[in-house]
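The structure file run_22.tsv is reproduced below (TSV, C-alpha atoms).
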```tsv
chain	number	residue	atom	x	y	z
J	10	MET	CA	-105.79	-51.07	97.89
J	11	ASP	CA	-103.80	-51.24	101.13
J	12	ARG	CA	-103.61	-54.84	102.36
J	13	GLU	CA	-103.96	-53.84	106.03
J	14	HIS	CA	-107.21	-52.07	105.21
J	15	ILE	CA	-108.51	-55.12	103.34
J	16	ILE	CA	-107.73	-57.31	106.36
J	17	TYR	CA	-109.55	-54.81	108.56
J	18	LEU	CA	-112.65	-54.99	106.33
J	19	LEU	CA	-112.63	-58.78	106.20
J	20	ASN	CA	-112.20	-59.11	109.95
J	21	GLY	CA	-114.98	-56.60	110.48
J	22	TRP	CA	-117.29	-58.50	108.15
J	23	VAL	CA	-116.84	-61.91	109.77
J	24	ASN	CA	-117.14	-60.35	113.23
J	25	GLN	CA	-120.15	-58.20	112.22
J	26	THR	CA	-118.58	-54.88	113.24
J	27	LEU	CA	-118.51	-53.08	109.87
J	28	THR	CA	-120.32	-49.79	109.40
J	29	ARG	CA	-122.65	-49.35	106.45
J	30	PRO	CA	-120.04	-47.47	104.33
J	31	GLU	CA	-117.47	-50.19	105.10
J	32	LEU	CA	-119.92	-52.90	104.02
J	33	ASP	CA	-120.44	-51.05	100.74
J	34	GLU	CA	-116.68	-50.75	100.29
J	35	LEU	CA	-116.09	-54.46	100.82
J	36	THR	CA	-118.84	-55.32	98.34
J	37	ARG	CA	-117.27	-53.02	95.74
J	38	LEU	CA	-113.85	-54.59	96.27
J	39	LEU	CA	-115.23	-58.11	95.77
J	40	ALA	CA	-117.03	-57.02	92.61
J	41	ASP	CA	-113.96	-55.27	91.18
J	42	ASP	CA	-111.66	-57.44	89.05
J	43	ALA	CA	-108.68	-55.28	90.00
J	44	ASN	CA	-109.12	-55.82	93.73
J	45	ARG	CA	-110.86	-59.20	94.08
J	46	GLY	CA	-107.64	-61.20	94.08
J	47	ALA	CA	-106.14	-59.01	96.80
J	48	VAL	CA	-109.24	-59.43	98.96
J	49	MET	CA	-109.26	-63.19	98.68
J	50	SER	CA	-105.49	-63.58	99.08
J	51	ALA	CA	-105.65	-61.57	102.32
J	52	GLY	CA	-108.00	-64.19	103.71
J	53	ALA	CA	-106.42	-67.24	102.12
J	54	GLU	CA	-102.69	-66.50	102.12
J	55	ILE	CA	-100.57	-69.66	102.02
J	56	PHE	CA	-103.71	-71.82	102.29
J	57	ASP	CA	-103.31	-74.29	99.42
J	58	ALA	CA	-106.66	-75.73	98.47
J	59	THR	CA	-106.28	-75.79	94.68
J	60	LYS	CA	-106.94	-79.52	94.53
J	61	ASP	CA	-110.38	-78.89	95.99
J	62	ALA	CA	-111.23	-76.00	93.68
J	63	PRO	CA	-113.70	-77.91	91.45
J	64	GLU	CA	-115.68	-79.04	94.50
J	65	PHE	CA	-116.13	-75.46	95.71
J	66	GLN	CA	-116.37	-73.72	92.35
J	67	ASP	CA	-120.15	-73.56	92.20
J	68	ARG	CA	-120.59	-72.80	95.91
J	69	LEU	CA	-118.29	-69.90	96.70
J	70	LEU	CA	-119.72	-66.92	94.89
J	71	PRO	CA	-123.36	-67.76	95.63
J	72	TYR	CA	-122.37	-67.96	99.31
J	73	LEU	CA	-120.56	-64.64	99.19
J	74	GLU	CA	-123.48	-63.05	97.40
J	75	LYS	CA	-126.01	-64.36	99.89
J	76	ALA	CA	-123.93	-63.41	102.94
J	77	LEU	CA	-123.09	-59.92	101.74
J	78	MET	CA	-126.60	-59.30	100.46
J	79	THR	CA	-128.03	-60.28	103.83
J	80	ASP	CA	-125.70	-57.87	105.59
J	81	LEU	CA	-126.39	-55.08	103.13
J	82	ALA	CA	-130.12	-55.64	103.29
J	83	ARG	CA	-130.02	-55.26	107.06
J	84	ALA	CA	-127.98	-52.07	106.78
J	85	ASN	CA	-129.93	-50.67	103.87
J	86	ASN	CA	-133.44	-52.05	104.43
J	87	GLY	CA	-133.03	-54.11	101.28
J	88	THR	CA	-132.36	-51.28	98.83
J	89	ALA	CA	-128.76	-52.26	98.09
J	90	GLU	CA	-129.41	-55.95	97.47
J	91	SER	CA	-130.21	-55.86	93.76
J	92	GLN	CA	-127.38	-53.45	92.95
J	93	ALA	CA	-124.73	-55.41	94.85
J	94	SER	CA	-125.98	-58.70	93.40
J	95	ALA	CA	-125.62	-57.28	89.92
J	96	ARG	CA	-122.08	-56.13	90.68
J	97	LEU	CA	-121.09	-59.61	91.86
J	98	SER	CA	-123.00	-61.73	89.36
J	99	GLY	CA	-120.68	-61.06	86.45
J	100	SER	CA	-117.53	-62.08	88.31
J	101	ARG	CA	-117.73	-65.88	88.27
J	102	ARG	CA	-115.57	-66.59	85.23
J	103	SER	CA	-112.54	-64.58	86.26
J	104	PHE	CA	-112.53	-65.68	89.91
J	105	ASN	CA	-109.29	-67.23	91.18
J	106	PHE	CA	-110.35	-70.69	92.37
J	107	LYS	CA	-107.37	-71.23	94.64
J	108	TYR	CA	-108.63	-68.38	96.76
J	109	ALA	CA	-112.21	-69.45	96.20
J	110	ALA	CA	-111.55	-72.85	97.73
J	111	ALA	CA	-109.74	-71.30	100.66
J	112	ALA	CA	-112.42	-68.73	101.29
J	113	ILE	CA	-115.30	-71.15	101.25
J	114	VAL	CA	-113.56	-73.23	103.90
J	115	LEU	CA	-112.77	-70.19	106.02
J	116	LEU	CA	-116.15	-68.52	105.72
J	117	CYS	CA	-118.53	-71.49	105.61
J	118	PHE	CA	-116.85	-73.98	107.89
J	119	GLY	CA	-115.96	-71.85	110.91
J	120	ALA	CA	-114.74	-74.76	113.01
J	121	TYR	CA	-112.21	-75.88	110.36
J	122	PHE	CA	-108.64	-75.40	111.58
J	123	TYR	CA	-105.21	-75.92	110.07
J	124	PHE	CA	-101.75	-75.68	111.55
J	125	LYS	CA	-98.40	-74.42	110.25
J	126	GLN	CA	-100.27	-71.69	108.31
J	127	PRO	CA	-101.98	-68.38	109.20
J	128	SER	CA	-105.63	-67.75	108.38
J	129	LEU	CA	-108.27	-65.05	108.28
J	130	GLN	CA	-109.43	-63.99	111.72
J	131	LYS	CA	-112.80	-65.74	112.13
J	132	THR	CA	-115.10	-66.60	114.99
J	133	PRO	CA	-116.48	-70.08	114.27
J	134	GLN	CA	-120.12	-70.79	114.99
J	135	PRO	CA	-120.70	-73.16	117.93
J	136	LEU	CA	-120.85	-76.80	116.93
J	137	GLU	CA	-124.11	-78.50	117.79
J	138	MET	CA	-122.53	-81.56	119.31
J	139	PRO	CA	-123.14	-83.27	122.66
J	140	VAL	CA	-120.48	-82.68	125.31
J	141	ALA	CA	-119.00	-85.96	126.55
J	142	GLU	CA	-118.63	-86.45	130.28
J	143	GLU	CA	-114.86	-86.27	130.03
J	144	ASP	CA	-115.05	-83.16	127.83
J	145	LYS	CA	-115.16	-79.55	129.00
J	146	LEU	CA	-117.03	-76.52	127.74
J	147	PRO	CA	-115.16	-73.34	126.79
J	148	GLY	CA	-115.21	-70.21	128.90
J	149	SER	CA	-118.26	-67.98	129.07
J	150	THR	CA	-119.50	-64.56	130.12
J	151	MET	CA	-119.01	-64.40	133.88
J	152	ALA	CA	-117.24	-62.28	136.48
J	153	THR	CA	-117.40	-61.11	140.08
J	154	LEU	CA	-117.99	-57.50	141.09
J	155	VAL	CA	-116.51	-56.42	144.44
J	156	LEU	CA	-118.29	-53.37	145.84
J	157	SER	CA	-116.72	-50.67	147.99
J	158	ASN	CA	-117.92	-52.41	151.18
J	159	GLY	CA	-116.35	-55.72	150.13
J	160	LYS	CA	-119.62	-57.36	149.10
J	161	GLU	CA	-119.23	-59.66	146.10
J	162	ILE	CA	-121.83	-59.86	143.32
J	163	GLU	CA	-121.75	-62.64	140.74
J	164	LEU	CA	-122.14	-61.29	137.20
J	165	THR	CA	-123.51	-63.27	134.26
J	166	ASP	CA	-125.13	-62.51	130.93
J	167	GLN	CA	-128.58	-62.34	132.49
J	168	PRO	CA	-130.63	-59.29	131.47
J	169	ARG	CA	-131.43	-56.22	133.58
J	170	GLN	CA	-129.63	-56.71	136.85
J	171	THR	CA	-129.43	-53.61	139.07
J	172	ILE	CA	-126.68	-53.23	141.69
J	173	VAL	CA	-126.46	-50.45	144.28
J	174	ASP	CA	-123.23	-49.21	145.88
J	175	GLU	CA	-123.33	-46.16	148.21
J	176	GLY	CA	-126.50	-44.98	146.50
J	177	LEU	CA	-125.01	-45.38	143.02
J	178	ILE	CA	-127.08	-47.53	140.65
J	179	ILE	CA	-124.96	-49.84	138.49
J	180	HIS	CA	-126.49	-51.68	135.54
J	181	ASN	CA	-125.61	-55.20	134.43
J	182	ASP	CA	-127.33	-56.27	131.22
J	183	GLY	CA	-126.49	-59.13	128.90
J	184	GLY	CA	-122.92	-59.58	130.07
J	185	ALA	CA	-122.01	-55.89	130.17
J	186	LEU	CA	-121.64	-53.81	133.35
J	187	SER	CA	-122.05	-50.03	133.04
J	188	TYR	CA	-121.72	-47.00	135.33
J	189	PRO	CA	-123.62	-43.72	134.96
J	190	GLU	CA	-122.05	-40.32	135.42
J	191	SER	CA	-122.14	-39.59	139.13
J	192	GLU	CA	-120.54	-37.65	141.97
J	193	VAL	CA	-120.21	-40.83	144.02
J	194	VAL	CA	-116.53	-41.77	144.13
J	195	VAL	CA	-115.84	-45.19	145.58
J	196	TYR	CA	-113.73	-48.02	144.22
J	197	ASN	CA	-115.03	-51.23	142.69
J	198	THR	CA	-113.17	-54.26	141.35
J	199	MET	CA	-114.28	-56.59	138.60
J	200	ARG	CA	-112.50	-59.91	138.30
J	201	THR	CA	-112.93	-62.81	135.92
J	202	PRO	CA	-112.12	-66.40	136.85
J	203	ASN	CA	-110.41	-68.93	134.64
J	204	GLY	CA	-112.95	-69.56	131.91
J	205	GLY	CA	-114.60	-66.14	132.21
J	206	GLN	CA	-114.67	-62.87	130.32
J	207	TYR	CA	-116.67	-59.66	130.72
J	208	LYS	CA	-117.31	-56.18	129.37
J	209	LEU	CA	-117.27	-53.00	131.46
J	210	THR	CA	-118.24	-49.42	130.65
J	211	LEU	CA	-116.71	-46.89	133.03
J	212	ALA	CA	-118.37	-43.66	134.13
J	213	ASP	CA	-116.56	-41.63	131.44
J	214	GLY	CA	-117.77	-43.98	128.69
J	215	THR	CA	-114.48	-45.86	128.31
J	216	GLN	CA	-115.11	-49.50	127.41
J	217	VAL	CA	-113.04	-52.36	128.81
J	218	TRP	CA	-113.10	-56.05	127.93
J	219	LEU	CA	-111.54	-58.40	130.51
J	220	ASN	CA	-110.04	-61.70	129.41
J	221	ALA	CA	-110.04	-64.80	131.62
J	222	ALA	CA	-108.22	-64.75	134.97
J	223	SER	CA	-108.03	-60.94	135.02
J	224	SER	CA	-109.18	-58.03	137.15
J	225	ILE	CA	-109.62	-54.28	137.03
J	226	THR	CA	-109.95	-51.83	139.93
J	227	TYR	CA	-111.48	-48.44	139.16
J	228	PRO	CA	-113.40	-45.51	140.67
J	229	THR	CA	-117.13	-45.23	140.11
J	230	SER	CA	-116.51	-41.67	138.92
J	231	PHE	CA	-113.42	-39.81	137.71
J	232	SER	CA	-113.23	-36.59	139.73
J	233	GLY	CA	-109.58	-35.52	139.47
J	234	ASP	CA	-107.20	-34.39	136.75
J	235	THR	CA	-106.49	-37.96	135.65
J	236	ARG	CA	-108.48	-41.14	135.12
J	237	GLU	CA	-106.67	-44.09	136.69
J	238	VAL	CA	-107.40	-47.80	136.81
J	239	SER	CA	-105.25	-50.81	137.63
J	240	ILE	CA	-105.42	-54.26	136.09
J	241	THR	CA	-104.09	-57.77	136.38
J	242	GLY	CA	-104.18	-60.27	133.54
J	243	GLU	CA	-105.39	-59.04	130.17
J	244	ALA	CA	-107.75	-56.26	129.09
J	245	TYR	CA	-108.65	-54.45	125.89
J	246	PHE	CA	-109.49	-50.74	126.20
J	247	GLU	CA	-111.38	-48.28	124.03
J	248	VAL	CA	-110.74	-45.03	125.88
J	249	VAL	CA	-112.95	-41.96	125.48
J	250	ARG	CA	-110.81	-39.01	124.49
J	251	ASP	CA	-110.42	-36.28	127.12
J	252	PRO	CA	-107.28	-34.14	126.64
J	253	ALA	CA	-107.77	-32.49	130.03
J	254	ARG	CA	-107.76	-35.81	131.87
J	255	PRO	CA	-105.31	-38.44	130.60
J	256	PHE	CA	-106.28	-42.07	131.13
J	257	ARG	CA	-103.77	-44.26	132.96
J	258	VAL	CA	-103.62	-48.02	133.28
J	259	LYS	CA	-101.37	-49.45	135.95
J	260	THR	CA	-100.03	-53.01	135.87
J	261	TYR	CA	-97.68	-54.81	138.21
J	262	MET	CA	-94.75	-53.48	136.14
J	263	GLU	CA	-95.72	-50.72	133.74
J	264	GLU	CA	-97.95	-47.65	133.53
J	265	VAL	CA	-99.79	-46.81	130.32
J	266	THR	CA	-100.96	-43.23	129.66
J	267	VAL	CA	-103.38	-42.28	126.87
J	268	MET	CA	-105.72	-39.46	125.86
J	269	GLY	CA	-108.13	-41.52	123.78
J	270	THR	CA	-107.28	-44.70	121.93
J	271	ALA	CA	-107.77	-48.46	121.57
J	272	PHE	CA	-105.13	-50.82	122.94
J	273	ASN	CA	-104.57	-54.21	124.55
J	274	VAL	CA	-102.64	-54.86	127.77
J	275	ASN	CA	-101.40	-58.37	128.57
J	276	SER	CA	-100.01	-58.44	132.10
J	277	TYR	CA	-100.33	-62.06	133.19
J	278	ARG	CA	-97.55	-62.79	135.63
J	279	ASP	CA	-96.82	-66.16	134.04
J	280	GLU	CA	-96.11	-64.53	130.67
J	281	LYS	CA	-92.84	-62.95	129.55
J	282	GLY	CA	-93.36	-59.46	130.91
J	283	VAL	CA	-96.11	-56.93	130.20
J	284	LYS	CA	-97.13	-56.45	126.56
J	285	ILE	CA	-99.04	-53.39	125.30
J	286	SER	CA	-100.34	-53.44	121.71
J	287	LEU	CA	-101.77	-50.28	120.12
J	288	LEU	CA	-104.62	-50.47	117.61
J	289	ASN	CA	-105.17	-46.74	117.12
J	290	GLY	CA	-104.44	-43.42	118.79
J	291	ALA	CA	-101.31	-42.86	120.86
J	292	VAL	CA	-99.98	-44.52	124.00
J	293	ARG	CA	-97.09	-43.69	126.29
J	294	VAL	CA	-95.58	-46.53	128.32
J	295	ASN	CA	-93.39	-45.03	131.01
J	296	ASN	CA	-91.43	-42.57	128.83
J	297	MET	CA	-91.78	-44.42	125.52
J	298	LYS	CA	-94.42	-43.58	122.92
J	299	LEU	CA	-96.20	-46.15	120.77
J	300	LYS	CA	-97.69	-45.56	117.35
J	301	PRO	CA	-100.63	-47.55	115.90
J	302	GLY	CA	-99.50	-51.03	114.91
J	303	GLU	CA	-96.67	-51.10	117.48
J	304	SER	CA	-96.28	-53.01	120.72
J	305	TYR	CA	-94.24	-52.59	123.86
J	306	VAL	CA	-92.57	-55.68	125.33
J	307	GLU	CA	-89.92	-55.76	128.04
J	308	GLY	CA	-88.79	-52.17	127.54
J	309	LYS	CA	-88.68	-52.32	123.74
J	310	ILE	CA	-91.02	-51.08	121.02
J	311	GLY	CA	-91.52	-53.03	117.81
J	312	PRO	CA	-94.12	-54.03	115.23
J	313	ALA	CA	-97.26	-55.57	116.73
J	314	ASN	CA	-99.06	-58.66	115.47
J	315	LEU	CA	-102.51	-57.19	116.08
J	316	SER	CA	-104.43	-60.14	114.67
J	317	GLN	CA	-102.69	-62.32	117.25
J	318	ASP	CA	-102.67	-59.87	120.14
J	319	LEU	CA	-106.40	-59.12	119.74
J	320	ALA	CA	-107.51	-62.62	118.74
J	321	TRP	CA	-109.14	-63.28	122.11
J	322	ARG	CA	-111.37	-60.22	121.63
J	323	ASN	CA	-112.53	-61.65	118.32
J	324	GLY	CA	-113.36	-65.08	119.73
J	325	VAL	CA	-110.37	-67.03	118.45
J	326	PHE	CA	-107.00	-68.38	119.50
J	327	ASN	CA	-104.21	-67.30	117.16
J	328	PHE	CA	-101.35	-69.77	117.54
J	329	HIS	CA	-99.32	-68.85	114.47
J	330	ARG	CA	-95.63	-69.38	115.32
J	331	VAL	CA	-96.41	-69.76	119.01
J	332	LYS	CA	-94.54	-72.22	121.23
J	333	LEU	CA	-96.57	-75.04	122.71
J	334	PRO	CA	-96.13	-73.95	126.38
J	335	ASP	CA	-97.38	-70.46	125.45
J	336	VAL	CA	-100.37	-72.03	123.69
J	337	MET	CA	-101.23	-74.21	126.66
J	338	ARG	CA	-101.16	-71.30	129.12
J	339	GLN	CA	-103.92	-69.64	127.08
J	340	ILE	CA	-105.89	-72.89	126.99
J	341	ALA	CA	-105.46	-73.42	130.73
J	342	ARG	CA	-106.94	-70.00	131.51
J	343	TRP	CA	-109.87	-70.32	129.10
J	344	TYR	CA	-110.87	-73.89	129.96
J	345	ASP	CA	-109.82	-73.76	133.63
J	346	VAL	CA	-107.56	-76.81	133.44
J	347	ASP	CA	-104.11	-77.76	134.69
J	348	ILE	CA	-101.47	-78.61	132.09
J	349	ARG	CA	-98.86	-81.32	132.50
J	350	TYR	CA	-96.33	-82.49	129.93
J	351	LYS	CA	-94.54	-85.71	129.07
J	352	GLY	CA	-91.27	-85.07	127.26
J	353	ASN	CA	-89.59	-81.88	126.07
J	354	VAL	CA	-92.09	-79.47	124.51
J	355	GLU	CA	-90.15	-76.20	124.61
J	356	ASN	CA	-89.26	-76.21	120.90
J	357	ILE	CA	-92.59	-77.35	119.49
J	358	GLU	CA	-94.16	-74.53	117.48
J	359	LEU	CA	-97.74	-74.37	116.23
J	360	GLY	CA	-99.60	-72.17	113.76
J	361	GLY	CA	-103.06	-71.16	112.62
J	362	GLU	CA	-106.28	-70.16	114.36
J	363	ILE	CA	-109.11	-71.97	116.08
J	364	GLY	CA	-112.30	-70.78	117.75
J	365	ARG	CA	-112.52	-70.22	121.49
J	366	ASN	CA	-116.06	-71.62	121.46
J	367	LEU	CA	-115.08	-75.25	120.83
J	368	THR	CA	-115.18	-77.82	123.60
J	369	LEU	CA	-111.83	-78.80	125.07
J	370	LYS	CA	-111.91	-82.17	123.33
J	371	GLN	CA	-112.59	-80.55	119.95
J	372	LEU	CA	-109.78	-78.06	120.53
J	373	LEU	CA	-107.24	-80.70	121.56
J	374	SER	CA	-108.19	-82.81	118.56
J	375	GLY	CA	-107.34	-79.85	116.34
J	376	LEU	CA	-104.01	-79.31	118.10
J	377	GLN	CA	-102.88	-82.92	117.84
J	378	ASP	CA	-100.50	-83.93	115.06
J	379	THR	CA	-97.53	-86.22	114.56
J	380	ASP	CA	-95.40	-84.18	116.99
J	381	VAL	CA	-98.01	-83.60	119.69
J	382	GLN	CA	-100.50	-85.90	121.40
```
Can you present the structure in this file as structure tokens?
Amino acid sequence: MDREHIIYLLNGWVNQTLTRPELDELTRLLADDANRGAVMSAGAEIFDATKDAPEFQDRLLPYLEKALMTDLARANNGTAESQASARLSGSRRSFNFKYAAAAIVLLCFGAYFYFKQPSLQKTPQPLEMPVAEEDKLPGSTMATLVLSNGKEIELTDQPRQTIVDEGLIIHNDGGALSYPESEVVVYNTMRTPNGGQYKLTLADGTQVWLNAASSITYPTSFSGDTREVSITGEAYFEVVRDPARPFRVKTYMEEVTVMGTAFNVNSYRDEKGVKISLLNGAVRVNNMKLKPGESYVEGKIGPANLSQDLAWRNGVFNFHRVKLPDVMRQIARWYDVDIRYKGNVENIELGGEIGRNLTLKQLLSGLQDTDVQ
């Protein structure tokens, strides 16, 4: 089984984005002696928890069974539960407990974090802990919509908000703004502050997720031969395919042209140039073409680290082999804080993943080690 596909299935499971057939496939892989080790190693690579294996031995497989059975029951109205349970129940003896220990930590204790090692992409559940006065909450779902007449509308995750611009009815529901098909062509801008993120569905059905401190300007309807938007900051796109009307994203430096695809654009001005990472489909940056799994950075195309480039979309920070100043710029945008240093930090490198839903104090506690306070 291809390791990239296994990682895709695991990431989809923990982020609850798998289709029914994909859920079935993951269950079969876990129940299959030939593939189980590959599945667990994909999620627990380098994580050395063998000394804790006896403690987790009796807890891992029951947890996996319960979690997968719950998911399958939802997808299958309960009909798959007994079959999948039977497939998994005979696997306890041959299970590799190094990976078992790692997986139980990764899957059950979402807020657990380790440095100097990569981990499975996972969105931890919020910790039910009081927020101290000197602490700070993480970012949330919020943005500002600027209408064609300059009027500004604050957007939140409240349900069923209706906005009108030049007779066009725009819907905001649960943290997602959407535009209907229309002949009204005016320009709107959505912008997120530090500590904000938001989802947008354009008139053609293209979906856009804005990261913190970002903006997108777009028409309320695409009437010409192309579909063009411009962004600042960072955005993830899932573009509806339309061969007759290519989709173009303009940044302060580069222009991205696609027909229909999923990709991430990082164009913060305080980062090292514009970075475009392609998940699937095809993208042309200026006159250079990207293939799935590739990224464009400063005029060059190379392999992308998609788990890192798309971590923010999956609710985590991925700091594996990232320099401390680069880490702190992400933290500053998400928690809306200013960063100051004492001493030389340029060569300090971190690793691992941690949830974006922790308080600032919890996050900094996880970052701190003998080299960093």
Return the single residue from J:Arg169, J:His329, J:Lys298, J:Arg338 that is closest to Glu280 of chain J, with distances computed using all atoms listed in the file. J:Arg338
note - atom CA of Thr210 of chain J and atom CA of Leu154 of chain J are separated by 13.2 Å
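Among the candidates J:Thr241, J:Thr171, J:Asn197, J:Ser187, the one nearest to Thr215 of chain J when counting all atoms listed in the file is J:Ser187.
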Give me the residues near Asp213 of chain J as a ChimeraX atom specification, where near means some atom within 9 Å (using only C-alpha atoms) and where sequence neighbours in that chain fewer than 2 positions away do not count. /J:188-190,210-211,215-216,230-231,236,248-249
Best match for closeness to Ser224 of chain J among J:Ile340, J:Leu288, J:Val274, J:Ala320, counting only C-alpha atoms: J:Val274
So which residues fall inside 9 Å of (-130.1, -61.1, 132.8) if we count only C-alpha atoms? Mind giving them as a ChimeraX atom specification? /J:165-170,181-184
As a check of understanding: the span from atom CA of Lys370 of chain J to atom CA of Asn275 of chain J is 26.5 Å
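As for atom CA of Ala291 of chain J and atom CA of Gly308 of chain J, they are spaced 17.0 Å apart.
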Pick from J:Thr150, J:Thr266, J:Ser191, J:Ser304 nearest to Thr229 of chain J, counting only C-alpha atoms: J:Ser191
Please list as number ranges by chain every residue within 10 Å of Asp335 of chain J, counting all atoms listed in the file and excluding residues in the same chain fewer than 5 positions away. J: 279-281, 328, 340, 355, 358
Which neighbours of segment 299-302 of chain J fall inside 12 Å, counting all atoms listed in the file, when residues of the same chain fewer than 6 positions from it are skipped, and could you give them as a ChimeraX atom specification? /J:13,265-267,270-273,284-293,308-319
Because some atoms of segment 176-192 of chain J are absent here, can you restore N, CA, C and O atoms and send them as a short mmCIF file (atom, residue, chain, number, x, y, z; two decimals), keeping the file's coordinate frame?
```
data_model
loop_
_atom_site.label_atom_id
_atom_site.label_comp_id
_atom_site.auth_asym_id
_atom_site.auth_seq_id
_atom_site.Cartn_x
_atom_site.Cartn_y
_atom_site.Cartn_z
N GLY J 176 -125.47 -45.77 147.17
CA GLY J 176 -126.50 -44.98 146.50
C GLY J 176 -126.35 -44.90 144.99
O GLY J 176 -127.25 -44.41 144.30
N LEU J 177 -125.24 -45.38 144.46
CA LEU J 177 -125.01 -45.38 143.02
C LEU J 177 -125.65 -46.61 142.39
O LEU J 177 -125.44 -47.73 142.85
N ILE J 178 -126.42 -46.42 141.34
CA ILE J 178 -127.08 -47.53 140.65
C ILE J 178 -126.22 -47.98 139.48
O ILE J 178 -125.92 -47.20 138.56
N ILE J 179 -125.80 -49.24 139.51
CA ILE J 179 -124.96 -49.84 138.49
C ILE J 179 -125.81 -50.82 137.70
O ILE J 179 -126.58 -51.60 138.27
N HIS J 180 -125.66 -50.83 136.39
CA HIS J 180 -126.49 -51.68 135.54
C HIS J 180 -125.66 -52.83 134.96
O HIS J 180 -124.56 -52.62 134.46
N ASN J 181 -126.21 -54.03 135.05
CA ASN J 181 -125.61 -55.20 134.43
C ASN J 181 -126.65 -55.79 133.50
O ASN J 181 -127.73 -56.19 133.93
N ASP J 182 -126.34 -55.83 132.20
CA ASP J 182 -127.33 -56.27 131.22
C ASP J 182 -126.65 -57.04 130.10
O ASP J 182 -125.84 -56.50 129.36
N GLY J 183 -126.99 -58.32 130.00
CA GLY J 183 -126.49 -59.13 128.90
C GLY J 183 -124.99 -59.32 128.87
O GLY J 183 -124.39 -59.41 127.79
N GLY J 184 -124.36 -59.36 130.04
CA GLY J 184 -122.92 -59.58 130.07
C GLY J 184 -122.10 -58.31 129.98
O GLY J 184 -120.90 -58.37 129.69
N ALA J 185 -122.72 -57.16 130.22
CA ALA J 185 -122.01 -55.89 130.17
C ALA J 185 -122.40 -55.04 131.38
O ALA J 185 -123.58 -54.77 131.59
N LEU J 186 -121.42 -54.63 132.16
CA LEU J 186 -121.64 -53.81 133.35
C LEU J 186 -121.36 -52.36 132.97
O LEU J 186 -120.35 -52.07 132.32
N SER J 187 -122.24 -51.43 133.40
CA SER J 187 -122.05 -50.03 133.04
C SER J 187 -122.35 -49.12 134.22
O SER J 187 -123.21 -49.40 135.05
N TYR J 188 -121.59 -47.99 134.26
CA TYR J 188 -121.72 -47.00 135.33
C TYR J 188 -122.22 -45.68 134.74
O TYR J 188 -121.72 -45.23 133.70
N PRO J 189 -123.17 -45.04 135.41
CA PRO J 189 -123.62 -43.72 134.96
C PRO J 189 -122.66 -42.64 135.44
O PRO J 189 -121.83 -42.88 136.32
N GLU J 190 -122.78 -41.46 134.87
CA GLU J 190 -122.05 -40.32 135.42
C GLU J 190 -122.60 -40.01 136.81
O GLU J 190 -123.80 -40.03 137.04
N SER J 191 -121.71 -39.75 137.75
CA SER J 191 -122.14 -39.59 139.13
C SER J 191 -121.09 -38.83 139.91
O SER J 191 -119.92 -38.72 139.51
N GLU J 192 -121.49 -38.28 141.06
CA GLU J 192 -120.54 -37.65 141.97
C GLU J 192 -120.08 -38.61 143.06
O GLU J 192 -119.24 -38.24 143.89
#
```
